[in-house]
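Enquirer: See coords13.txt below, with compact mmCIF, N, CA and C atoms and all ligand atoms.
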# COMPACT_ATOMS: atom_id res chain seq x y z
N MET A 1 227.25 56.71 4.79
CA MET A 1 227.25 55.73 3.69
C MET A 1 228.64 55.66 3.06
N LYS A 2 229.04 54.46 2.66
CA LYS A 2 230.35 54.30 2.04
C LYS A 2 230.40 55.05 0.71
N THR A 3 231.57 55.59 0.40
CA THR A 3 231.67 56.33 -0.87
C THR A 3 232.56 55.58 -1.86
N ILE A 4 232.44 56.00 -3.09
CA ILE A 4 233.23 55.43 -4.17
C ILE A 4 233.82 56.60 -4.97
N LYS A 5 235.05 56.43 -5.39
CA LYS A 5 235.71 57.51 -6.15
C LYS A 5 235.23 57.45 -7.60
N VAL A 6 234.92 58.63 -8.16
CA VAL A 6 234.52 58.66 -9.57
C VAL A 6 235.42 59.62 -10.34
N ASN A 7 235.84 59.16 -11.50
CA ASN A 7 236.70 59.94 -12.39
C ASN A 7 236.04 60.02 -13.76
N VAL A 8 235.94 61.22 -14.30
CA VAL A 8 235.43 61.35 -15.67
C VAL A 8 236.57 61.90 -16.51
N VAL A 9 236.94 61.17 -17.54
CA VAL A 9 238.12 61.49 -18.33
C VAL A 9 237.77 61.54 -19.81
N THR A 10 238.33 62.52 -20.53
CA THR A 10 238.14 62.61 -21.98
C THR A 10 239.52 62.70 -22.64
N PRO A 11 239.59 62.62 -23.98
CA PRO A 11 240.89 62.76 -24.64
C PRO A 11 241.54 64.12 -24.34
N ASP A 12 240.73 65.12 -23.97
CA ASP A 12 241.29 66.44 -23.63
C ASP A 12 241.79 66.52 -22.19
N GLY A 13 241.54 65.47 -21.41
CA GLY A 13 242.01 65.46 -20.02
C GLY A 13 240.89 65.15 -19.05
N PRO A 14 241.23 65.19 -17.74
CA PRO A 14 240.22 64.89 -16.72
C PRO A 14 239.17 65.99 -16.64
N VAL A 15 237.93 65.59 -16.44
CA VAL A 15 236.82 66.55 -16.38
C VAL A 15 236.28 66.67 -14.96
N HIS A 16 236.34 65.57 -14.24
CA HIS A 16 235.76 65.58 -12.89
C HIS A 16 236.32 64.44 -12.06
N GLU A 17 236.51 64.73 -10.76
CA GLU A 17 236.91 63.68 -9.83
C GLU A 17 236.28 63.99 -8.47
N SER A 18 235.64 63.01 -7.88
CA SER A 18 235.06 63.22 -6.54
C SER A 18 234.76 61.88 -5.89
N ASP A 19 234.38 61.93 -4.61
CA ASP A 19 233.93 60.75 -3.89
C ASP A 19 232.43 60.88 -3.73
N VAL A 20 231.70 59.88 -4.17
CA VAL A 20 230.23 59.97 -4.16
C VAL A 20 229.64 58.71 -3.54
N GLU A 21 228.35 58.80 -3.23
CA GLU A 21 227.68 57.62 -2.66
C GLU A 21 227.15 56.71 -3.75
N MET A 22 226.77 57.32 -4.87
CA MET A 22 226.20 56.50 -5.95
C MET A 22 226.41 57.17 -7.30
N VAL A 23 226.71 56.35 -8.29
CA VAL A 23 226.84 56.83 -9.67
C VAL A 23 225.69 56.20 -10.46
N ILE A 24 224.93 57.05 -11.13
CA ILE A 24 223.84 56.52 -11.97
C ILE A 24 224.14 56.93 -13.41
N ALA A 25 224.21 55.94 -14.28
CA ALA A 25 224.59 56.21 -15.67
C ALA A 25 223.69 55.44 -16.62
N LYS A 26 223.57 55.99 -17.84
CA LYS A 26 222.75 55.32 -18.86
C LYS A 26 223.65 54.46 -19.75
N ALA A 27 223.64 53.18 -19.46
CA ALA A 27 224.41 52.25 -20.29
C ALA A 27 223.56 51.85 -21.49
N GLU A 28 224.21 51.32 -22.50
CA GLU A 28 223.46 50.84 -23.68
C GLU A 28 222.42 49.79 -23.26
N SER A 29 222.74 49.05 -22.20
CA SER A 29 221.86 47.97 -21.76
C SER A 29 220.78 48.43 -20.78
N GLY A 30 220.80 49.72 -20.40
CA GLY A 30 219.82 50.23 -19.45
C GLY A 30 220.50 51.05 -18.37
N GLU A 31 219.71 51.54 -17.42
CA GLU A 31 220.29 52.42 -16.39
C GLU A 31 221.06 51.60 -15.36
N LEU A 32 222.22 52.11 -14.96
CA LEU A 32 223.05 51.44 -13.96
C LEU A 32 223.16 52.31 -12.72
N GLY A 33 223.04 51.71 -11.55
CA GLY A 33 223.28 52.42 -10.29
C GLY A 33 224.45 51.73 -9.60
N ILE A 34 225.51 52.46 -9.36
CA ILE A 34 226.72 51.85 -8.81
C ILE A 34 227.01 52.38 -7.41
N LEU A 35 227.14 51.48 -6.48
CA LEU A 35 227.53 51.81 -5.10
C LEU A 35 228.92 51.26 -4.83
N ALA A 36 229.54 51.70 -3.74
CA ALA A 36 230.85 51.15 -3.35
C ALA A 36 230.74 49.64 -3.24
N GLY A 37 231.78 48.95 -3.70
CA GLY A 37 231.79 47.49 -3.59
C GLY A 37 231.12 46.76 -4.73
N HIS A 38 230.67 47.53 -5.73
CA HIS A 38 230.02 46.91 -6.90
C HIS A 38 231.00 45.96 -7.59
N ILE A 39 230.49 44.90 -8.15
CA ILE A 39 231.40 43.97 -8.84
C ILE A 39 232.04 44.68 -10.05
N PRO A 40 233.29 44.35 -10.34
CA PRO A 40 233.96 44.98 -11.48
C PRO A 40 233.20 44.72 -12.78
N MET A 41 233.09 45.74 -13.58
CA MET A 41 232.43 45.58 -14.88
C MET A 41 232.80 46.73 -15.82
N VAL A 42 232.55 46.50 -17.10
CA VAL A 42 232.75 47.54 -18.11
C VAL A 42 231.46 47.61 -18.92
N ALA A 43 230.96 48.83 -19.14
CA ALA A 43 229.72 48.96 -19.91
C ALA A 43 229.80 50.16 -20.85
N PRO A 44 229.37 49.98 -22.10
CA PRO A 44 229.30 51.14 -23.00
C PRO A 44 228.15 52.05 -22.59
N LEU A 45 228.39 53.35 -22.68
CA LEU A 45 227.37 54.33 -22.25
C LEU A 45 226.68 54.97 -23.44
N LYS A 46 225.45 55.41 -23.19
CA LYS A 46 224.73 56.21 -24.19
C LYS A 46 225.11 57.68 -24.00
N ILE A 47 224.74 58.50 -24.94
CA ILE A 47 224.83 59.94 -24.73
C ILE A 47 223.81 60.26 -23.64
N GLY A 48 224.24 60.81 -22.54
CA GLY A 48 223.29 61.04 -21.45
C GLY A 48 223.94 61.72 -20.27
N ALA A 49 223.16 61.85 -19.19
CA ALA A 49 223.67 62.47 -17.97
C ALA A 49 224.19 61.38 -17.05
N VAL A 50 225.36 61.62 -16.47
CA VAL A 50 225.83 60.75 -15.39
C VAL A 50 225.52 61.50 -14.10
N GLN A 51 224.75 60.85 -13.24
CA GLN A 51 224.32 61.47 -11.98
C GLN A 51 225.24 61.00 -10.85
N LEU A 52 225.75 61.96 -10.10
CA LEU A 52 226.63 61.65 -8.97
C LEU A 52 225.90 62.06 -7.70
N LYS A 53 225.57 61.09 -6.84
CA LYS A 53 224.77 61.39 -5.64
C LYS A 53 225.65 61.40 -4.40
N LYS A 54 225.49 62.46 -3.63
CA LYS A 54 226.17 62.52 -2.33
C LYS A 54 225.42 63.47 -1.40
N ASP A 55 225.26 63.06 -0.15
CA ASP A 55 224.59 63.90 0.85
C ASP A 55 223.24 64.42 0.34
N LYS A 56 222.47 63.58 -0.22
CA LYS A 56 221.10 63.91 -0.69
C LYS A 56 221.07 64.94 -1.82
N THR A 57 222.24 65.29 -2.37
CA THR A 57 222.23 66.17 -3.53
C THR A 57 222.87 65.43 -4.70
N SER A 58 222.64 65.93 -5.88
CA SER A 58 223.19 65.28 -7.07
C SER A 58 223.85 66.29 -7.97
N GLU A 59 224.91 65.84 -8.60
CA GLU A 59 225.56 66.63 -9.64
C GLU A 59 225.38 65.85 -10.94
N TYR A 60 225.23 66.57 -12.04
CA TYR A 60 225.01 65.90 -13.32
C TYR A 60 226.11 66.28 -14.30
N ILE A 61 226.61 65.28 -15.01
CA ILE A 61 227.66 65.51 -16.00
C ILE A 61 227.16 65.04 -17.35
N ALA A 62 227.27 65.92 -18.35
CA ALA A 62 226.87 65.54 -19.72
C ALA A 62 227.97 64.67 -20.30
N VAL A 63 227.63 63.46 -20.68
CA VAL A 63 228.61 62.53 -21.20
C VAL A 63 228.22 62.10 -22.60
N ASN A 64 229.21 62.19 -23.48
CA ASN A 64 228.99 61.83 -24.88
C ASN A 64 229.48 60.40 -25.10
N GLY A 65 228.60 59.46 -24.76
CA GLY A 65 228.93 58.05 -24.96
C GLY A 65 230.11 57.60 -24.13
N GLY A 66 230.90 56.72 -24.68
CA GLY A 66 232.09 56.25 -23.99
C GLY A 66 231.86 54.97 -23.21
N ILE A 67 232.71 54.80 -22.22
CA ILE A 67 232.72 53.54 -21.47
C ILE A 67 232.76 53.83 -19.98
N LEU A 68 232.04 53.01 -19.23
CA LEU A 68 232.06 53.09 -17.77
C LEU A 68 232.79 51.85 -17.25
N GLU A 69 233.80 52.08 -16.44
CA GLU A 69 234.53 50.95 -15.87
C GLU A 69 234.36 50.99 -14.36
N VAL A 70 233.93 49.87 -13.79
CA VAL A 70 233.72 49.80 -12.35
C VAL A 70 234.76 48.89 -11.72
N ARG A 71 235.43 49.44 -10.70
CA ARG A 71 236.28 48.61 -9.84
C ARG A 71 235.73 48.78 -8.43
N PRO A 72 236.10 47.90 -7.48
CA PRO A 72 235.43 47.95 -6.18
C PRO A 72 235.44 49.32 -5.51
N ASP A 73 236.51 50.09 -5.70
CA ASP A 73 236.59 51.38 -5.02
C ASP A 73 236.61 52.56 -5.99
N GLN A 74 236.40 52.31 -7.27
CA GLN A 74 236.50 53.40 -8.24
C GLN A 74 235.65 53.17 -9.49
N VAL A 75 235.02 54.26 -9.93
CA VAL A 75 234.29 54.24 -11.20
C VAL A 75 235.00 55.21 -12.14
N THR A 76 235.32 54.75 -13.34
CA THR A 76 235.93 55.63 -14.33
C THR A 76 235.00 55.73 -15.53
N VAL A 77 234.75 56.96 -15.96
CA VAL A 77 233.99 57.18 -17.19
C VAL A 77 234.98 57.73 -18.21
N LEU A 78 235.13 57.01 -19.31
CA LEU A 78 236.00 57.45 -20.40
C LEU A 78 235.09 57.85 -21.55
N ALA A 79 235.04 59.15 -21.85
CA ALA A 79 234.09 59.59 -22.88
C ALA A 79 234.79 60.45 -23.92
N GLN A 80 234.23 60.51 -25.11
CA GLN A 80 234.80 61.35 -26.16
C GLN A 80 234.74 62.81 -25.76
N SER A 81 233.63 63.21 -25.12
CA SER A 81 233.55 64.54 -24.52
C SER A 81 232.63 64.48 -23.31
N ALA A 82 232.86 65.37 -22.37
CA ALA A 82 232.04 65.40 -21.15
C ALA A 82 232.16 66.77 -20.53
N GLU A 83 231.06 67.27 -19.98
CA GLU A 83 231.08 68.57 -19.31
C GLU A 83 230.28 68.51 -18.01
N THR A 84 230.84 69.10 -16.96
CA THR A 84 230.04 69.27 -15.75
C THR A 84 228.99 70.34 -16.05
N ALA A 85 227.89 70.36 -15.28
CA ALA A 85 226.77 71.25 -15.59
C ALA A 85 227.24 72.71 -15.74
N GLY A 86 228.12 73.12 -14.86
CA GLY A 86 228.57 74.52 -14.86
C GLY A 86 229.42 74.89 -16.07
N LYS A 87 229.96 73.89 -16.76
CA LYS A 87 230.83 74.16 -17.91
C LYS A 87 230.07 74.12 -19.23
N ILE A 88 228.79 73.79 -19.16
CA ILE A 88 228.03 73.70 -20.41
C ILE A 88 227.66 75.10 -20.89
N ASP A 89 227.97 75.36 -22.14
CA ASP A 89 227.59 76.63 -22.78
C ASP A 89 226.21 76.40 -23.39
N TYR A 90 225.20 76.97 -22.72
CA TYR A 90 223.81 76.72 -23.10
C TYR A 90 223.52 77.22 -24.51
N ASP A 91 223.97 78.44 -24.83
CA ASP A 91 223.69 79.02 -26.15
C ASP A 91 224.35 78.19 -27.25
N ARG A 92 225.56 77.70 -26.97
CA ARG A 92 226.24 76.86 -27.96
C ARG A 92 225.44 75.58 -28.20
N ALA A 93 224.92 75.01 -27.13
CA ALA A 93 224.13 73.78 -27.27
C ALA A 93 222.84 74.06 -28.05
N LEU A 94 222.22 75.22 -27.79
CA LEU A 94 221.00 75.57 -28.53
C LEU A 94 221.31 75.71 -30.03
N ARG A 95 222.45 76.33 -30.32
CA ARG A 95 222.84 76.50 -31.73
C ARG A 95 223.13 75.15 -32.37
N ALA A 96 223.80 74.26 -31.63
CA ALA A 96 224.10 72.92 -32.16
C ALA A 96 222.81 72.15 -32.43
N LYS A 97 221.83 72.33 -31.54
CA LYS A 97 220.53 71.64 -31.71
C LYS A 97 219.85 72.14 -32.99
N GLU A 98 219.85 73.46 -33.16
CA GLU A 98 219.22 74.05 -34.35
C GLU A 98 219.88 73.54 -35.63
N ARG A 99 221.21 73.53 -35.61
CA ARG A 99 221.96 73.04 -36.78
C ARG A 99 221.62 71.59 -37.10
N ALA A 100 221.60 70.78 -36.06
CA ALA A 100 221.33 69.35 -36.27
C ALA A 100 219.90 69.15 -36.78
N GLU A 101 218.96 69.90 -36.22
CA GLU A 101 217.56 69.76 -36.65
C GLU A 101 217.41 70.16 -38.11
N LYS A 102 218.11 71.22 -38.49
CA LYS A 102 218.06 71.68 -39.88
C LYS A 102 218.59 70.59 -40.81
N ARG A 103 219.69 69.97 -40.39
CA ARG A 103 220.28 68.91 -41.22
C ARG A 103 219.34 67.71 -41.32
N LEU A 104 218.69 67.39 -40.22
CA LEU A 104 217.77 66.24 -40.25
C LEU A 104 216.56 66.56 -41.13
N TYR A 105 216.12 67.81 -41.07
CA TYR A 105 214.98 68.24 -41.88
C TYR A 105 215.33 68.15 -43.36
N GLU A 106 216.60 68.42 -43.65
CA GLU A 106 217.05 68.39 -45.05
C GLU A 106 217.56 67.01 -45.44
N GLN A 107 217.11 66.00 -44.72
CA GLN A 107 217.69 64.66 -44.89
C GLN A 107 217.51 64.11 -46.30
N LYS A 108 216.56 64.66 -47.04
CA LYS A 108 216.35 64.15 -48.41
C LYS A 108 217.57 64.44 -49.27
N ASN A 109 218.28 65.47 -48.86
CA ASN A 109 219.52 65.79 -49.55
C ASN A 109 220.54 64.68 -49.23
N GLU A 110 220.96 63.98 -50.26
CA GLU A 110 221.79 62.80 -49.97
C GLU A 110 223.17 63.13 -49.42
N HIS A 111 223.54 64.40 -49.44
CA HIS A 111 224.84 64.76 -48.88
C HIS A 111 224.78 64.86 -47.35
N VAL A 112 223.58 64.82 -46.80
CA VAL A 112 223.45 64.94 -45.35
C VAL A 112 223.67 63.58 -44.70
N ASP A 113 224.58 63.54 -43.75
CA ASP A 113 224.84 62.31 -43.02
C ASP A 113 223.83 62.26 -41.86
N PHE A 114 222.78 61.49 -42.06
CA PHE A 114 221.66 61.45 -41.12
C PHE A 114 222.12 61.03 -39.72
N HIS A 115 222.90 59.96 -39.67
CA HIS A 115 223.34 59.43 -38.37
C HIS A 115 224.17 60.46 -37.60
N ARG A 116 225.05 61.13 -38.33
CA ARG A 116 225.91 62.13 -37.70
C ARG A 116 225.06 63.28 -37.12
N ALA A 117 224.07 63.70 -37.88
CA ALA A 117 223.20 64.79 -37.41
C ALA A 117 222.39 64.34 -36.20
N GLU A 118 221.96 63.09 -36.23
CA GLU A 118 221.18 62.55 -35.12
C GLU A 118 222.00 62.53 -33.82
N LEU A 119 223.26 62.13 -33.94
CA LEU A 119 224.14 62.11 -32.76
C LEU A 119 224.40 63.53 -32.26
N ALA A 120 224.61 64.46 -33.19
CA ALA A 120 224.84 65.86 -32.79
C ALA A 120 223.61 66.38 -32.05
N LEU A 121 222.42 66.01 -32.53
CA LEU A 121 221.18 66.45 -31.87
C LEU A 121 221.10 65.86 -30.47
N LYS A 122 221.45 64.59 -30.32
CA LYS A 122 221.41 63.96 -29.00
C LYS A 122 222.38 64.64 -28.04
N ARG A 123 223.58 64.95 -28.52
CA ARG A 123 224.57 65.61 -27.65
C ARG A 123 224.03 66.97 -27.19
N ALA A 124 223.47 67.71 -28.15
CA ALA A 124 222.96 69.06 -27.82
C ALA A 124 221.80 68.97 -26.83
N MET A 125 220.87 68.02 -27.08
CA MET A 125 219.70 67.91 -26.20
C MET A 125 220.10 67.45 -24.80
N ASN A 126 221.11 66.61 -24.73
CA ASN A 126 221.62 66.16 -23.43
C ASN A 126 222.15 67.36 -22.65
N ARG A 127 222.96 68.20 -23.32
CA ARG A 127 223.53 69.38 -22.64
C ARG A 127 222.42 70.33 -22.20
N ILE A 128 221.46 70.55 -23.10
CA ILE A 128 220.36 71.48 -22.80
C ILE A 128 219.55 70.96 -21.60
N SER A 129 219.26 69.67 -21.58
CA SER A 129 218.43 69.13 -20.50
C SER A 129 219.15 69.22 -19.15
N ILE A 130 220.47 69.13 -19.16
CA ILE A 130 221.21 69.24 -17.89
C ILE A 130 221.17 70.69 -17.39
N VAL A 131 221.36 71.65 -18.30
CA VAL A 131 221.29 73.06 -17.87
C VAL A 131 219.87 73.39 -17.41
N GLU A 132 218.87 72.87 -18.11
CA GLU A 132 217.48 73.17 -17.75
C GLU A 132 216.97 72.29 -16.61
N LYS A 133 217.83 71.41 -16.13
CA LYS A 133 217.49 70.49 -15.03
C LYS A 133 216.28 69.62 -15.37
N LYS A 134 216.19 69.20 -16.61
CA LYS A 134 215.10 68.28 -17.02
C LYS A 134 215.73 66.93 -17.27
N TYR A 135 215.97 66.23 -16.20
CA TYR A 135 216.74 64.99 -16.34
C TYR A 135 215.88 63.84 -16.82
P1 LIG B 1 229.39 71.77 -31.25
O1 LIG B 1 228.74 71.53 -32.60
O2 LIG B 1 228.81 72.94 -30.53
O3 LIG B 1 230.91 71.76 -31.32
P2 LIG B 1 229.44 69.00 -30.52
O4 LIG B 1 228.40 68.15 -29.87
O5 LIG B 1 229.77 68.65 -31.91
O6 LIG B 1 228.99 70.51 -30.35
P3 LIG B 1 231.62 67.68 -29.22
O7 LIG B 1 232.28 67.10 -30.43
O8 LIG B 1 230.81 66.76 -28.36
O9 LIG B 1 230.76 68.96 -29.63
O10 LIG B 1 232.72 68.36 -28.28
C1 LIG B 1 233.83 69.09 -28.76
C2 LIG B 1 234.41 69.86 -27.58
O11 LIG B 1 233.57 70.98 -27.28
C3 LIG B 1 234.48 69.06 -26.28
O12 LIG B 1 235.60 69.48 -25.56
C4 LIG B 1 233.21 69.42 -25.55
O13 LIG B 1 233.34 69.27 -24.15
C5 LIG B 1 233.03 70.87 -25.97
N1 LIG B 1 231.62 71.29 -26.05
C6 LIG B 1 230.75 70.99 -27.03
N2 LIG B 1 229.57 71.59 -26.84
C7 LIG B 1 229.69 72.27 -25.67
C8 LIG B 1 228.81 73.09 -24.90
N3 LIG B 1 227.56 73.34 -25.29
N4 LIG B 1 229.28 73.63 -23.77
C9 LIG B 1 230.54 73.41 -23.37
N5 LIG B 1 231.43 72.64 -24.03
C10 LIG B 1 231.01 72.08 -25.16
Rewrite the structure of this file - the entire thing - as structure tokens.

Expert:
Amino acid sequence: MKTIKVNVVTPDGPVHESDVEMVIAKAESGELGILAGHIPMVAPLKIGAVQLKKDKTSEYIAVNGGILEVRPDQVTVLAQSAETAGKIDYDRALRAKERAEKRLYEQKNEHVDFHRAELALKRAMNRISIVEKKY
């Protein structure tokens, strides 16, 4: 099967680069499956897993929003933060989840930024689900 190059980049630098058969990502508009030769496009991404398929196996990358850019021979993911499964610190994500849940629980306190806590919870749950392989 034809492959397509995928690059995942954050402000801290490149996170991942490989040639894959298919990229599956959660765009704001729904799930996208990208194969080689896909028409060029740009799509905003949700906090979620980007799945990279090759040789009947898949690798998952935790992506914190950002943008997916498709060119005929290359997919670029530009995200605020992103981690390959092996780089995710599970305990840190569990602690972040607990913190965010506590803040959401205390939402009656007007000093709590509800939206910010909600996003932190989504980032933590995304990382946890990738480590636990619950995609
Ligand atoms: P935390 O509250 O634990 O910092 P966060 O969701 O606020 O989590 P981000 O702002 O998304 O963190 O990321 C800040 C930096 O820390 C990024 O470089 C990101 O890749 C890294 N990072 C955050 N959480 C983890 C984690 N659980 N495992 C590995 N790297 C992480």

Enquirer: Sort by chain and increasing residue number a table of all residues of stretch 42-97 of chain A within 6 Å of stretch 14-32 of chain A, each with its closest pair of atoms and their distance in Å to one decimal, counting only C-alpha atoms, and write it as a tab-separated table.

Expert:
residue	atom	partner	partner_atom	distance
A:Pro44	CA	A:Ala27	CA	5.7
A:Leu45	CA	A:Ala27	CA	4.1
A:Lys46	CA	A:Glu28	CA	5.5
A:Val50	CA	A:Ala25	CA	4.7
A:Gln51	CA	A:Ile24	CA	5.0
A:Leu52	CA	A:Val23	CA	4.9
A:Lys53	CA	A:Met22	CA	5.1
A:Lys54	CA	A:Val20	CA	5.1

Enquirer: Which residues are near A:Ala62? Cut-off 9 Å, only C-alpha atoms, ignore same chain within fewer than 2 positions. Put them as a PyMOL selection string.

Expert: chain A and resi 47-50+60+64+81-85+88+123+126-127+130

Enquirer: Throw together the list of residues within 8 Å of ligand LIG 1 (chain B), counting only N, CA and C atoms and all ligand atoms, and drop it here as an MDAnalysis selection string.

Expert: chainID A and resid 12 63:64 80:84 86:97 100 119:124 127:128

Enquirer: Please return as a PyMOL selection string: the residues of chain A that backbone DSSP assigns to strand (DSSP E or B).

Expert: chain A and resi 4-10+13-20+22-27+30-34+41-45+48-54+57-63+67-71+74-78+82-84

Enquirer: As JSON, please: the centre and edge lengths in Å, to one decimal, of an axis-aligned box enclosing every listed atom of stretch 45-50 of chain A with 5 Å added on each side.

Expert:
{"center_x": 225.8, "center_y": 57.9, "center_z": -19.5, "size_x": 15.2, "size_y": 19.1, "size_z": 20.8}

Enquirer: Using Å and a single decimal, report how far atom CA of A:Leu104 sits from atom CA of A:Gly66.

Expert: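 Atom CA of A:Leu104 lies 23.9 Å from atom CA of A:Gly66.
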
Enquirer: Give the alpha helix (DSSP H) residues of chain A, as DSSP finds them on the backbone, and put them as number ranges by chain.

Expert: A: 90-105, 114-131

Enquirer: Skip A:Asp73 itself and residues of its chain fewer than 4 positions away, then list as number ranges by chain all residues within 8 Å of it, counting all atoms listed in the file.

Expert: A: 3-6, 35-38

Enquirer: Provide the atom N of A:Val9 to atom N of A:Lys133 distance in Å, to one decimal place.

Expert: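 Going from atom N of A:Val9 over to atom N of A:Lys133, I get 21.7 Å.
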
Enquirer: Provide the atom C of A:Phe114 to atom CA of A:Glu98 distance in Å, to one decimal place.

Expert: 14.4 Å
